[in-house]
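Chemist: Dropping in final.tsv, which is TSV, C-alpha atoms and all ligand atoms:
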```
chain	number	residue	atom	x	y	z
A	1	MET	CA	106.96	-103.86	58.67
A	2	LYS	CA	110.16	-105.72	57.85
A	3	GLY	CA	113.43	-105.37	59.76
A	4	ARG	CA	114.19	-103.76	63.12
A	5	LYS	CA	111.56	-101.55	64.74
A	6	THR	CA	112.21	-97.80	64.68
A	7	LYS	CA	111.25	-95.51	67.55
A	8	ILE	CA	111.05	-91.74	67.86
A	9	ILE	CA	113.03	-91.36	71.08
A	10	SER	CA	112.63	-87.59	71.42
A	11	THR	CA	111.21	-84.49	69.75
A	12	GLY	CA	111.84	-80.74	69.86
A	13	SER	CA	110.32	-77.67	68.27
A	14	TYR	CA	110.97	-73.99	67.74
A	15	ILE	CA	108.43	-71.30	66.93
A	16	PRO	CA	109.72	-67.80	66.18
A	17	GLU	CA	108.65	-65.08	68.63
A	18	MET	CA	107.18	-62.57	66.20
A	19	VAL	CA	103.40	-62.90	65.85
A	20	ILE	CA	101.12	-61.69	63.06
A	21	THR	CA	97.45	-61.67	64.05
A	22	ASN	CA	94.42	-61.66	61.77
A	23	ALA	CA	93.92	-58.02	62.81
A	24	ASP	CA	97.44	-57.23	61.50
A	25	LEU	CA	96.54	-58.87	58.17
A	26	GLU	CA	93.37	-56.76	57.91
A	27	LYS	CA	95.72	-53.77	57.57
A	28	MET	CA	97.77	-55.46	54.83
A	29	VAL	CA	95.22	-57.10	52.46
A	30	ASP	CA	91.46	-57.08	51.81
A	31	THR	CA	90.51	-59.68	54.45
A	32	SER	CA	88.91	-59.93	57.89
A	33	ASP	CA	89.45	-61.80	61.13
A	34	GLU	CA	85.96	-63.23	60.64
A	35	TRP	CA	86.81	-64.67	57.17
A	36	ILE	CA	90.17	-66.12	58.22
A	37	SER	CA	88.79	-67.60	61.46
A	38	THR	CA	85.72	-69.23	59.95
A	39	ARG	CA	87.33	-70.38	56.66
A	40	THR	CA	90.63	-71.64	58.10
A	41	GLY	CA	90.55	-71.68	61.93
A	42	ILE	CA	93.76	-69.62	62.04
A	43	LYS	CA	93.97	-66.71	64.52
A	44	ARG	CA	97.70	-65.99	64.76
A	45	ARG	CA	100.90	-67.17	63.14
A	46	HIS	CA	104.60	-66.82	63.99
A	47	ILE	CA	107.09	-65.32	61.59
A	48	ALA	CA	110.90	-65.61	61.52
A	49	LYS	CA	113.12	-62.53	61.76
A	50	LYS	CA	114.61	-61.09	58.59
A	51	GLU	CA	118.00	-62.63	59.39
A	52	GLU	CA	116.59	-66.07	60.42
A	53	ALA	CA	116.75	-68.85	57.81
A	54	ALA	CA	115.46	-72.44	57.82
A	55	SER	CA	118.72	-73.83	59.26
A	56	ASP	CA	118.47	-71.41	62.23
A	57	LEU	CA	114.97	-72.61	63.14
A	58	ALA	CA	116.08	-76.21	62.51
A	59	TYR	CA	119.06	-75.73	64.84
A	60	HIS	CA	116.90	-74.59	67.79
A	61	ALA	CA	114.43	-77.47	67.32
A	62	SER	CA	117.27	-80.00	66.94
A	63	ILE	CA	119.09	-78.88	70.09
A	64	LYS	CA	115.88	-79.40	72.09
A	65	ALA	CA	115.34	-82.87	70.61
A	66	LEU	CA	118.97	-83.88	71.27
A	67	GLU	CA	118.76	-82.59	74.86
A	68	LYS	CA	115.57	-84.55	75.50
A	69	ALA	CA	117.18	-87.68	74.02
A	70	GLY	CA	120.20	-87.09	76.28
A	71	ILE	CA	122.61	-87.51	73.37
A	72	SER	CA	125.19	-85.32	71.68
A	73	ALA	CA	125.06	-84.37	67.99
A	74	ARG	CA	128.21	-86.47	67.56
A	75	GLU	CA	126.15	-89.62	68.13
A	76	LEU	CA	124.03	-88.94	65.03
A	77	ASP	CA	124.53	-91.16	61.98
A	78	MET	CA	122.46	-89.12	59.49
A	79	ILE	CA	120.57	-85.81	59.23
A	80	ILE	CA	117.50	-85.31	57.04
A	81	VAL	CA	115.93	-81.86	56.71
A	82	ALA	CA	112.46	-81.62	55.17
A	83	THR	CA	111.84	-78.15	53.79
A	84	ILE	CA	110.49	-76.18	50.84
A	85	THR	CA	112.21	-73.04	52.12
A	86	PRO	CA	115.89	-74.05	52.30
A	87	ASP	CA	118.52	-71.45	53.23
A	88	MET	CA	119.41	-71.41	49.51
A	89	LEU	CA	118.94	-73.62	46.42
A	90	PHE	CA	122.12	-75.46	47.39
A	91	PRO	CA	124.06	-76.49	49.45
A	92	ALA	CA	121.49	-78.45	51.41
A	93	THR	CA	120.14	-76.94	54.62
A	94	ALA	CA	120.90	-80.33	56.25
A	95	CYS	CA	124.64	-79.80	55.57
A	96	ILE	CA	124.49	-76.31	57.08
A	97	LEU	CA	122.68	-77.77	60.11
A	98	GLN	CA	125.24	-80.59	60.44
A	99	ASP	CA	127.99	-77.98	60.78
A	100	LYS	CA	126.01	-75.81	63.23
A	101	LEU	CA	125.28	-78.81	65.45
A	102	GLY	CA	128.90	-79.99	65.40
A	103	ALA	CA	127.88	-83.42	64.14
A	104	ARG	CA	130.43	-85.78	62.56
A	105	ARG	CA	130.87	-85.95	58.76
A	106	ILE	CA	127.71	-88.03	58.49
A	107	PRO	CA	125.37	-88.04	55.47
A	108	ALA	CA	123.10	-84.98	55.45
A	109	PHE	CA	120.53	-84.10	52.81
A	110	ASP	CA	117.31	-82.19	52.21
A	111	LEU	CA	114.04	-83.81	51.30
A	112	GLU	CA	111.36	-81.86	49.46
A	113	ALA	CA	107.84	-83.21	49.81
A	114	ALA	CA	106.13	-79.97	50.94
A	115	CYS	CA	103.63	-80.54	53.78
A	116	SER	CA	104.35	-84.30	53.74
A	117	GLY	CA	108.10	-83.70	54.21
A	118	PHE	CA	108.31	-84.68	57.89
A	119	LEU	CA	106.52	-88.00	57.38
A	120	TYR	CA	108.52	-88.71	54.19
A	121	GLY	CA	111.68	-87.93	56.21
A	122	ILE	CA	110.69	-90.29	59.03
A	123	SER	CA	109.97	-93.02	56.49
A	124	VAL	CA	113.42	-92.63	54.86
A	125	ALA	CA	115.10	-92.67	58.29
A	126	ASN	CA	113.06	-95.76	59.17
A	127	GLN	CA	114.52	-97.60	56.16
A	128	PHE	CA	118.12	-96.93	57.25
A	129	ILE	CA	117.38	-97.95	60.84
A	130	SER	CA	115.24	-101.01	60.18
A	131	SER	CA	117.81	-102.35	57.69
A	132	GLY	CA	120.52	-102.05	60.37
A	133	THR	CA	122.57	-99.50	58.37
A	134	TYR	CA	122.33	-96.72	60.98
A	135	GLU	CA	121.40	-96.45	64.67
A	136	THR	CA	120.51	-92.80	65.27
A	137	ILE	CA	118.99	-90.35	62.78
A	138	LEU	CA	117.83	-86.75	63.19
A	139	VAL	CA	114.82	-85.76	61.08
A	140	VAL	CA	114.01	-82.05	61.08
A	141	ALA	CA	111.19	-80.19	59.33
A	142	SER	CA	111.91	-76.49	59.10
A	143	GLU	CA	109.99	-73.84	57.19
A	144	THR	CA	110.30	-70.09	56.74
A	145	LEU	CA	107.27	-69.75	54.48
A	146	SER	CA	107.01	-66.04	55.31
A	147	LYS	CA	110.00	-65.59	52.96
A	148	ILE	CA	108.15	-66.98	49.91
A	149	ILE	CA	104.74	-65.50	50.70
A	150	ASP	CA	103.43	-62.58	48.67
A	151	TRP	CA	102.21	-60.34	51.48
A	152	LYS	CA	99.90	-58.71	48.92
A	153	ASP	CA	98.17	-62.02	48.04
A	154	ARG	CA	95.27	-62.76	50.41
A	155	ASN	CA	94.99	-66.32	49.01
A	156	THR	CA	98.21	-67.32	50.73
A	157	CYS	CA	99.39	-64.73	53.26
A	158	VAL	CA	96.57	-65.47	55.72
A	159	ILE	CA	97.48	-69.16	55.91
A	160	PHE	CA	101.21	-69.84	55.98
A	161	ALA	CA	103.74	-69.40	58.80
A	162	ASP	CA	107.18	-70.34	60.10
A	163	GLY	CA	108.42	-72.97	62.54
A	164	ALA	CA	110.54	-76.09	62.96
A	165	GLY	CA	110.15	-79.51	64.56
A	166	ALA	CA	112.75	-82.24	65.06
A	167	ALA	CA	112.76	-85.92	65.98
A	168	VAL	CA	115.54	-88.30	66.97
A	169	LEU	CA	114.95	-91.82	65.69
A	170	ARG	CA	116.61	-95.01	66.94
A	171	SER	CA	116.09	-98.72	66.68
A	172	SER	CA	113.89	-100.09	69.41
A	173	SER	CA	116.10	-102.03	71.83
A	174	ASP	CA	113.27	-104.16	73.25
A	175	ASP	CA	111.30	-104.39	69.98
A	176	THR	CA	108.17	-102.94	71.62
A	177	GLY	CA	106.48	-99.82	70.31
A	178	GLY	CA	107.75	-97.91	67.31
A	179	ILE	CA	106.49	-97.39	63.77
A	180	ILE	CA	103.70	-99.84	62.88
A	181	SER	CA	102.84	-98.81	59.32
A	182	ILE	CA	103.69	-96.13	56.74
A	183	TYR	CA	101.90	-95.14	53.56
A	184	LEU	CA	103.31	-92.58	51.08
A	185	GLY	CA	101.93	-91.25	47.80
A	186	ALA	CA	102.22	-88.50	45.21
A	187	ASP	CA	100.41	-87.17	42.14
A	188	GLY	CA	102.47	-84.85	39.93
A	189	GLY	CA	99.31	-84.28	37.87
A	190	GLY	CA	98.36	-81.74	40.55
A	191	ALA	CA	101.75	-79.99	40.55
A	192	GLU	CA	100.34	-76.69	39.27
A	193	LEU	CA	97.96	-76.33	42.23
A	194	VAL	CA	100.56	-74.96	44.64
A	195	GLY	CA	104.18	-73.89	44.21
A	196	VAL	CA	106.73	-71.17	43.46
A	197	PRO	CA	106.97	-70.76	39.66
A	198	ALA	CA	110.35	-69.02	39.32
A	199	GLY	CA	113.89	-69.43	40.63
A	200	GLY	CA	114.44	-72.96	39.34
A	201	SER	CA	115.64	-74.28	35.95
A	202	ARG	CA	112.20	-73.86	34.33
A	203	MET	CA	112.05	-70.14	35.00
A	204	PRO	CA	115.40	-68.80	36.25
A	205	ALA	CA	115.46	-65.48	38.08
A	206	SER	CA	115.21	-62.43	35.82
A	207	ILE	CA	113.91	-58.87	36.01
A	208	GLU	CA	110.65	-60.15	34.47
A	209	THR	CA	110.16	-62.91	37.06
A	210	ILE	CA	110.72	-60.42	39.86
A	211	LYS	CA	108.37	-57.85	38.33
A	212	GLY	CA	105.77	-60.60	37.82
A	213	ARG	CA	106.08	-61.66	41.50
A	214	GLN	CA	106.86	-65.19	40.24
A	215	HIS	CA	109.19	-65.96	43.16
A	216	TYR	CA	106.24	-66.04	45.52
A	217	MET	CA	104.01	-69.00	46.29
A	218	LYS	CA	100.87	-69.35	44.12
A	219	MET	CA	98.01	-71.56	45.28
A	220	LYS	CA	94.64	-72.75	43.98
A	221	GLY	CA	93.23	-73.26	47.46
A	222	ASN	CA	89.74	-74.35	46.56
A	223	GLU	CA	90.84	-77.27	44.34
A	224	LEU	CA	93.45	-78.31	46.92
A	225	PHE	CA	90.81	-78.32	49.64
A	226	LYS	CA	88.67	-80.92	47.84
A	227	ARG	CA	91.65	-83.12	47.05
A	228	ALA	CA	93.05	-82.83	50.58
A	229	VAL	CA	89.92	-84.25	52.22
A	230	LYS	CA	89.69	-87.15	49.76
A	231	VAL	CA	93.38	-88.06	49.70
A	232	MET	CA	93.99	-87.70	53.44
A	233	THR	CA	90.97	-89.88	54.19
A	234	GLU	CA	92.22	-92.54	51.76
A	235	ALA	CA	95.75	-92.33	53.19
A	236	VAL	CA	94.42	-92.85	56.72
A	237	GLU	CA	92.28	-95.83	55.68
A	238	LYS	CA	95.21	-97.38	53.83
A	239	VAL	CA	97.73	-97.04	56.69
A	240	LEU	CA	95.24	-98.49	59.19
A	241	GLU	CA	94.66	-101.45	56.87
A	242	MET	CA	98.43	-101.94	56.43
A	243	GLY	CA	98.81	-102.09	60.21
A	244	ASN	CA	95.80	-104.43	60.63
A	245	LEU	CA	94.10	-101.68	62.62
A	246	THR	CA	90.79	-99.81	62.63
A	247	TYR	CA	90.13	-96.23	63.72
A	248	LYS	CA	88.96	-97.72	67.07
A	249	ASP	CA	92.58	-98.69	67.79
A	250	ILE	CA	93.75	-95.09	67.42
A	251	ASP	CA	94.33	-93.11	70.63
A	252	PHE	CA	95.43	-89.84	69.07
A	253	PHE	CA	95.44	-88.23	65.61
A	254	ILE	CA	97.90	-85.55	64.46
A	255	PRO	CA	96.86	-84.28	61.02
A	256	HIS	CA	98.62	-81.71	58.87
A	257	GLN	CA	97.47	-78.25	59.95
A	258	ALA	CA	96.25	-76.69	56.68
A	259	ASN	CA	92.67	-75.80	57.54
A	260	ILE	CA	90.39	-76.69	60.46
A	261	ARG	CA	87.63	-77.59	57.99
A	262	ILE	CA	89.91	-80.17	56.28
A	263	ILE	CA	90.85	-81.62	59.70
A	264	GLN	CA	87.18	-81.82	60.77
A	265	ALA	CA	86.09	-83.44	57.48
A	266	VAL	CA	88.83	-86.11	57.60
A	267	THR	CA	88.25	-86.78	61.30
A	268	LYS	CA	84.51	-87.19	60.70
A	269	ARG	CA	85.00	-89.60	57.80
A	270	ILE	CA	87.22	-91.86	59.89
A	271	ASN	CA	84.81	-91.60	62.79
A	272	LEU	CA	87.16	-90.12	65.38
A	273	PRO	CA	85.95	-87.67	68.03
A	274	MET	CA	87.64	-84.25	67.82
A	275	ASP	CA	89.06	-84.62	71.35
A	276	LYS	CA	91.41	-87.28	69.94
A	277	VAL	CA	92.81	-84.78	67.44
A	278	TYR	CA	95.64	-82.32	67.93
A	279	VAL	CA	95.09	-78.84	66.51
A	280	ASN	CA	97.56	-75.96	66.71
A	281	LEU	CA	96.74	-74.04	63.55
A	282	HIS	CA	94.82	-71.33	65.43
A	283	GLU	CA	98.17	-70.33	66.97
A	284	CYS	CA	100.71	-71.54	64.38
A	285	GLY	CA	99.00	-71.39	60.98
A	286	ASN	CA	100.16	-73.79	58.27
A	287	MET	CA	103.91	-74.45	58.62
A	288	SER	CA	104.02	-76.98	55.75
A	289	ALA	CA	106.50	-79.80	56.62
A	290	ALA	CA	106.96	-78.39	60.13
A	291	SER	CA	103.26	-78.55	61.09
A	292	ILE	CA	103.10	-82.21	62.12
A	293	ALA	CA	106.63	-82.13	63.60
A	294	VAL	CA	105.75	-79.18	65.86
A	295	ALA	CA	102.31	-80.60	66.73
A	296	LEU	CA	103.85	-83.93	67.78
A	297	ASP	CA	106.33	-82.17	70.08
A	298	GLN	CA	103.63	-79.95	71.59
A	299	ALA	CA	101.24	-82.89	72.11
A	300	LEU	CA	104.00	-84.80	73.93
A	301	ASP	CA	104.89	-81.76	76.06
A	302	GLU	CA	101.22	-81.31	77.00
A	303	GLY	CA	101.02	-84.95	78.11
A	304	LYS	CA	98.44	-85.84	75.46
A	305	ILE	CA	100.38	-88.92	74.34
A	306	LYS	CA	101.02	-91.77	76.76
A	307	LYS	CA	103.22	-94.83	76.50
A	308	LYS	CA	101.62	-97.58	74.36
A	309	ASP	CA	99.23	-95.10	72.70
A	310	LYS	CA	98.74	-95.63	68.99
A	311	ILE	CA	99.27	-92.33	67.18
A	312	LEU	CA	97.98	-91.67	63.69
A	313	LEU	CA	99.70	-89.00	61.57
A	314	ALA	CA	98.51	-87.83	58.13
A	315	SER	CA	99.53	-85.12	55.71
A	316	PHE	CA	98.76	-83.67	52.32
A	317	GLY	CA	100.56	-80.96	50.36
A	318	GLY	CA	102.27	-79.59	47.29
A	319	GLY	CA	103.54	-82.01	44.69
A	320	LEU	CA	100.96	-83.24	45.27
A	321	THR	CA	102.21	-85.47	48.06
A	322	TRP	CA	100.56	-87.31	50.91
A	323	ALA	CA	101.70	-89.55	53.75
A	324	SER	CA	100.26	-91.39	56.73
A	325	MET	CA	101.79	-93.30	59.58
A	326	VAL	CA	100.82	-95.20	62.73
A	327	ILE	CA	103.26	-95.23	65.62
A	328	GLU	CA	102.95	-97.06	68.93
A	329	TRP	CA	104.43	-94.76	71.54
B	401	LIG	N1	89.98	-62.92	52.83
B	401	LIG	C1	88.73	-62.62	52.42
B	401	LIG	N2	88.15	-63.22	51.36
B	401	LIG	C2	88.87	-64.13	50.69
B	401	LIG	C3	90.19	-64.48	51.06
B	401	LIG	C4	90.74	-63.81	52.18
B	401	LIG	N3	91.97	-64.07	52.63
B	401	LIG	N4	90.67	-65.41	50.21
B	401	LIG	C5	89.68	-65.66	49.34
B	401	LIG	N5	88.61	-64.89	49.62
B	401	LIG	C6	87.31	-64.85	48.92
B	401	LIG	C7	87.41	-65.31	47.50
B	401	LIG	O1	87.76	-64.26	46.63
B	401	LIG	C8	86.00	-65.81	47.25
B	401	LIG	O2	85.17	-64.70	47.00
B	401	LIG	P1	83.93	-64.79	45.99
B	401	LIG	O3	83.01	-65.83	46.58
B	401	LIG	O4	83.38	-63.41	46.03
B	401	LIG	O5	84.52	-65.19	44.68
B	401	LIG	C9	85.59	-66.40	48.57
B	401	LIG	O6	86.44	-65.79	49.56
B	401	LIG	C10	85.74	-67.90	48.65
B	401	LIG	O7	87.02	-68.24	48.14
B	401	LIG	P2	87.53	-69.74	48.13
B	401	LIG	O8	88.90	-69.77	47.55
B	401	LIG	O9	86.48	-70.61	47.54
B	401	LIG	O10	87.62	-70.01	49.71
B	401	LIG	P3	87.75	-71.38	50.47
B	401	LIG	O11	86.60	-71.57	51.35
B	401	LIG	O12	88.15	-72.50	49.56
B	401	LIG	O13	88.98	-71.08	51.43
B	401	LIG	C11	91.32	-71.62	51.54
B	401	LIG	C12	90.26	-70.78	50.87
B	401	LIG	C13	92.65	-71.37	50.87
B	401	LIG	C14	91.38	-71.25	53.01
B	401	LIG	C15	90.96	-73.13	51.41
B	401	LIG	O14	90.60	-73.40	50.08
B	401	LIG	C16	92.05	-74.06	51.81
B	401	LIG	O15	92.39	-74.18	52.98
B	401	LIG	N6	92.59	-74.83	50.86
B	401	LIG	C17	93.53	-75.88	51.11
B	401	LIG	C18	94.92	-75.37	51.25
B	401	LIG	C19	95.86	-76.53	51.31
B	401	LIG	O16	95.55	-77.59	51.78
B	401	LIG	N7	97.03	-76.36	50.77
B	401	LIG	C20	97.89	-77.49	50.60
B	401	LIG	C21	99.27	-77.07	50.76
B	401	LIG	S1	99.54	-76.80	52.45
```
Would you put the structure from the file into structure tokens?
Modeler:
Amino acid sequence: MKGRKTKIISTGSYIPEMVITNADLEKMVDTSDEWISTRTGIKRRHIAKKEEAASDLAYHASIKALEKAGISARELDMIIVATITPDMLFPATACILQDKLGARRIPAFDLEAACSGFLYGISVANQFISSGTYETILVVASETLSKIIDWKDRNTCVIFADGAGAAVLRSSSDDTGGIISIYLGADGGGAELVGVPAGGSRMPASIETIKGRQHYMKMKGNELFKRAVKVMTEAVEKVLEMGNLTYKDIDFFIPHQANIRIIQAVTKRINLPMDKVYVNLHECGNMSAASIAVALDQALDEGKIKKKDKILLASFGGGLTWASMVIEW
């Protein structure tokens, strides 16, 4: 990697209190705990309150990350929020967060790369830091997917959930540790596989779009599953190669939390034992961009990541988008 080395100096996360179990879902749609557990690995998920929006979740996660870093929001030079469930179409959730945090009038913008949003956000922040433009950047992934889920659609409502994770990035003062390699990709040819059809310029809101439930997420899960395993495996191989590494160099793997079977398949293909892999989807479901951000914070809190460990991160999601990264802690 060219330029100055970028480090994640702290992380924070926020999971809403309200829980929906598989048993609760059995009362809402034609499903079963047995189907959800065996097909996805998910047991419970957390859901935001009616009045809670993405910037609220982002705020709680950011405050924790800033506290752990021992810095005030006024020291930030930029805020990036990765989300597919912004408070509103515009203004950006990042601007709303900037105000809530009491940050200076620094650049703040949203980044939309679905489940890959956190890693895309880190890679953008890395560019500004490694080039010497900025010193300290807050990257937050915040999702309130419960607000765009059709609670009558068993294809999606058993999977998705809410949560937020934040990271404070800075240039590495001693040039040790930090981001080793980053690989990003996208394939718009798969755009129709997952998304919200209405509410944008293609299909503005109307009585018909509401009646047709077009403001809710639609997903072709089966096709996505096959692509996710292939693309995530390729993304992992590529980022290891870019960092002159092999899977043997990896101490810990944090994959996107879409489905335990996807995680197991990718982990098997790259020859990693499952005890080197962080999994929180049984408790948190799929929080899109927030999944890896929350998992990273939880893994650090649980002492699973030690100084000098090489951490592999990999995601896949709507767009289609994918991203992978190796960081030396
Ligand atoms: N409860 C009970 N049965 C269900 C169900 C549910 N919630 N959802 C689907 N089914 C049924 C289907 O109707 C189908 O029934 P049939 O065999 O009688 O036709 C059967 O279960 C299998 O459906 P299928 O869609 O093939 O299941 P799957 O094993 O692919 O699992 C997902 C579905 C969504 C869990 C899985 O495809 C997945 O995780 N996909 C990837 C999602 C992803 O990565 N998204 C990216 C953005 S985050």
Chemist: Counting only C-alpha atoms and all ligand atoms, which residues of chain A sit at most 7 Å from some atom of ligand LIG 401 (chain B), and what is each one's closest atom pair with its distance in Å to one decimal, listed by chain and rising residue number, as a tab-separated table?
Modeler:
```
residue	atom	partner	partner_atom	distance
A:Asp30	CA	B:LIG401	N1	6.1
A:Thr31	CA	B:LIG401	N1	3.7
A:Ser32	CA	B:LIG401	N1	6.0
A:Trp35	CA	B:LIG401	C1	5.5
A:Ile36	CA	B:LIG401	N3	6.2
A:Arg39	CA	B:LIG401	O11	5.5
A:Thr40	CA	B:LIG401	C14	5.2
A:Cys115	CA	B:LIG401	S1	5.7
A:Arg154	CA	B:LIG401	N3	4.2
A:Asn155	CA	B:LIG401	N4	4.6
A:Thr156	CA	B:LIG401	C13	6.9
A:Val158	CA	B:LIG401	N3	5.7
A:Val194	CA	B:LIG401	C21	6.6
A:Gly221	CA	B:LIG401	O14	3.7
A:Asn222	CA	B:LIG401	O14	3.7
A:Glu223	CA	B:LIG401	O14	6.9
A:Leu224	CA	B:LIG401	C17	4.8
A:Phe225	CA	B:LIG401	C17	3.9
A:Ala228	CA	B:LIG401	O16	5.9
A:Ala258	CA	B:LIG401	O16	5.0
A:Asn259	CA	B:LIG401	O15	4.8
A:Asn286	CA	B:LIG401	S1	6.6
A:Ser288	CA	B:LIG401	S1	5.6
A:Phe316	CA	B:LIG401	C20	6.5
A:Gly317	CA	B:LIG401	C21	4.1
A:Gly318	CA	B:LIG401	C21	5.2
```
Chemist: Of the candidates A:Gly117, A:Gly163, A:Gly177, A:Gly70, which one gets nearest to Pro16 of chain A if we count all atoms listed in the file?
Modeler: A:Gly163
Chemist: I'd like the contact shell of segment 180-189 of chain A - 8 Å cut-off, all atoms listed in the file, skipping same-chain residues fewer than 6 positions apart - returned as an MDAnalysis selection string.
Modeler: chainID A and resid 1 120 123 235 238:240 242:243 319:328
Chemist: When you draw a straight line from atom CA of His60 of chain A to atom CA of Thr11 of chain A, how long is it in Å?
Modeler: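 Interatomic distance here is 11.6 Å.
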Chemist: Using all atoms listed in the file, find the one residue out of A:Ala58, A:Ala265, A:Ile80, A:Met88 that sits nearest to Lys147 of chain A.
Modeler: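 That would be A:Met88, the residue with the smallest distance to Lys147 of chain A.
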Chemist: Restricting the calculation to all atoms listed in the file, which member of A:Gln127, A:Trp329, A:Ala198, A:Gly178 is positioned closest to Lys306 of chain A?
Modeler: A:Trp329
Chemist: Calculated over only C-alpha atoms, which of the candidates A:Met78, A:Leu272, A:Ile15, A:Ile8 has the smallest distance to Lys248 of chain A?
Modeler: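 Checking each of A:Met78, A:Leu272, A:Ile15, A:Ile8 against Lys248 of chain A, counting only C-alpha atoms, the winner is A:Leu272.
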Chemist: What's around Ala299 of chain A at 10 Å? Count all atoms listed in the file, leave out sequence neighbours fewer than 4 positions away in its own chain, and write the answer as a tab-separated table (two decimals) with C-alpha atoms, in the frame of the given file.
Modeler:
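part.tsv was written with the following content:
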```
chain	number	residue	atom	x	y	z
A	252	PHE	CA	95.43	-89.84	69.07
A	254	ILE	CA	97.90	-85.55	64.46
A	277	VAL	CA	92.81	-84.78	67.44
A	278	TYR	CA	95.64	-82.32	67.93
A	279	VAL	CA	95.09	-78.84	66.51
A	280	ASN	CA	97.56	-75.96	66.71
A	294	VAL	CA	105.75	-79.18	65.86
A	295	ALA	CA	102.31	-80.60	66.73
A	303	GLY	CA	101.02	-84.95	78.11
A	304	LYS	CA	98.44	-85.84	75.46
A	305	ILE	CA	100.38	-88.92	74.34
```
Chemist: Near Ile47 of chain A, counting all atoms listed in the file, which residues have an atom at most 6 Å away, once you skip same-chain residues fewer than 4 positions from it, shown as a PyMOL selection string?
Modeler: chain A and resi 16+18+161-162
Chemist: Write the residues you've just listed into a file as a short mmCIF file (atom, residue, chain, number, x, y, z; two decimals), in the coordinates of the input, and include C-alpha atoms for each of them.
Modeler:
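That gives us out04.cif:
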```cif
data_model
loop_
_atom_site.label_atom_id
_atom_site.label_comp_id
_atom_site.auth_asym_id
_atom_site.auth_seq_id
_atom_site.Cartn_x
_atom_site.Cartn_y
_atom_site.Cartn_z
CA PRO A 16 109.72 -67.80 66.18
CA MET A 18 107.18 -62.57 66.20
CA ALA A 161 103.74 -69.40 58.80
CA ASP A 162 107.18 -70.34 60.10
#
```
Chemist: Show which residues sit within 7 Å of His256 of chain A, as a list in words. Count all atoms listed in the file, and ignore same-chain residues fewer than 5 positions away.
Modeler: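 The contact residues come out as Ser291, Ile292, Ala314, Ser315 and Phe316 of chain A.
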Chemist: Would you please work out which residue, of A:Thr144, A:Asn22, A:Ser116, A:Thr6, is nearest to Lys43 of chain A when using only C-alpha atoms?
Modeler: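 Between A:Thr144, A:Asn22, A:Ser116, A:Thr6, the residue approaching Lys43 of chain A most closely is A:Asn22.
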Chemist: Between A:His282, A:Lys220, A:Val231, A:Lys310, which residue has the minimum interatomic distance to Tyr247 of chain A, considering only C-alpha atoms?
Modeler: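 Using only C-alpha atoms, the shortest distance to Tyr247 of chain A belongs to A:Lys310.
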Chemist: Rounded to one decimal, what separation in Å do you get between atom CA of Leu169 of chain A and atom CA of Lys64 of chain A?
Modeler: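 Atom CA of Lys64 of chain A lies at a distance of 14.0 Å from atom CA of Leu169 of chain A.
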Chemist: In Å, rounded to a single decimal, give me how far atom CA of Leu57 of chain A is from atom CA of Gln257 of chain A.
Modeler: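 Between these atoms lies a distance of 18.7 Å.
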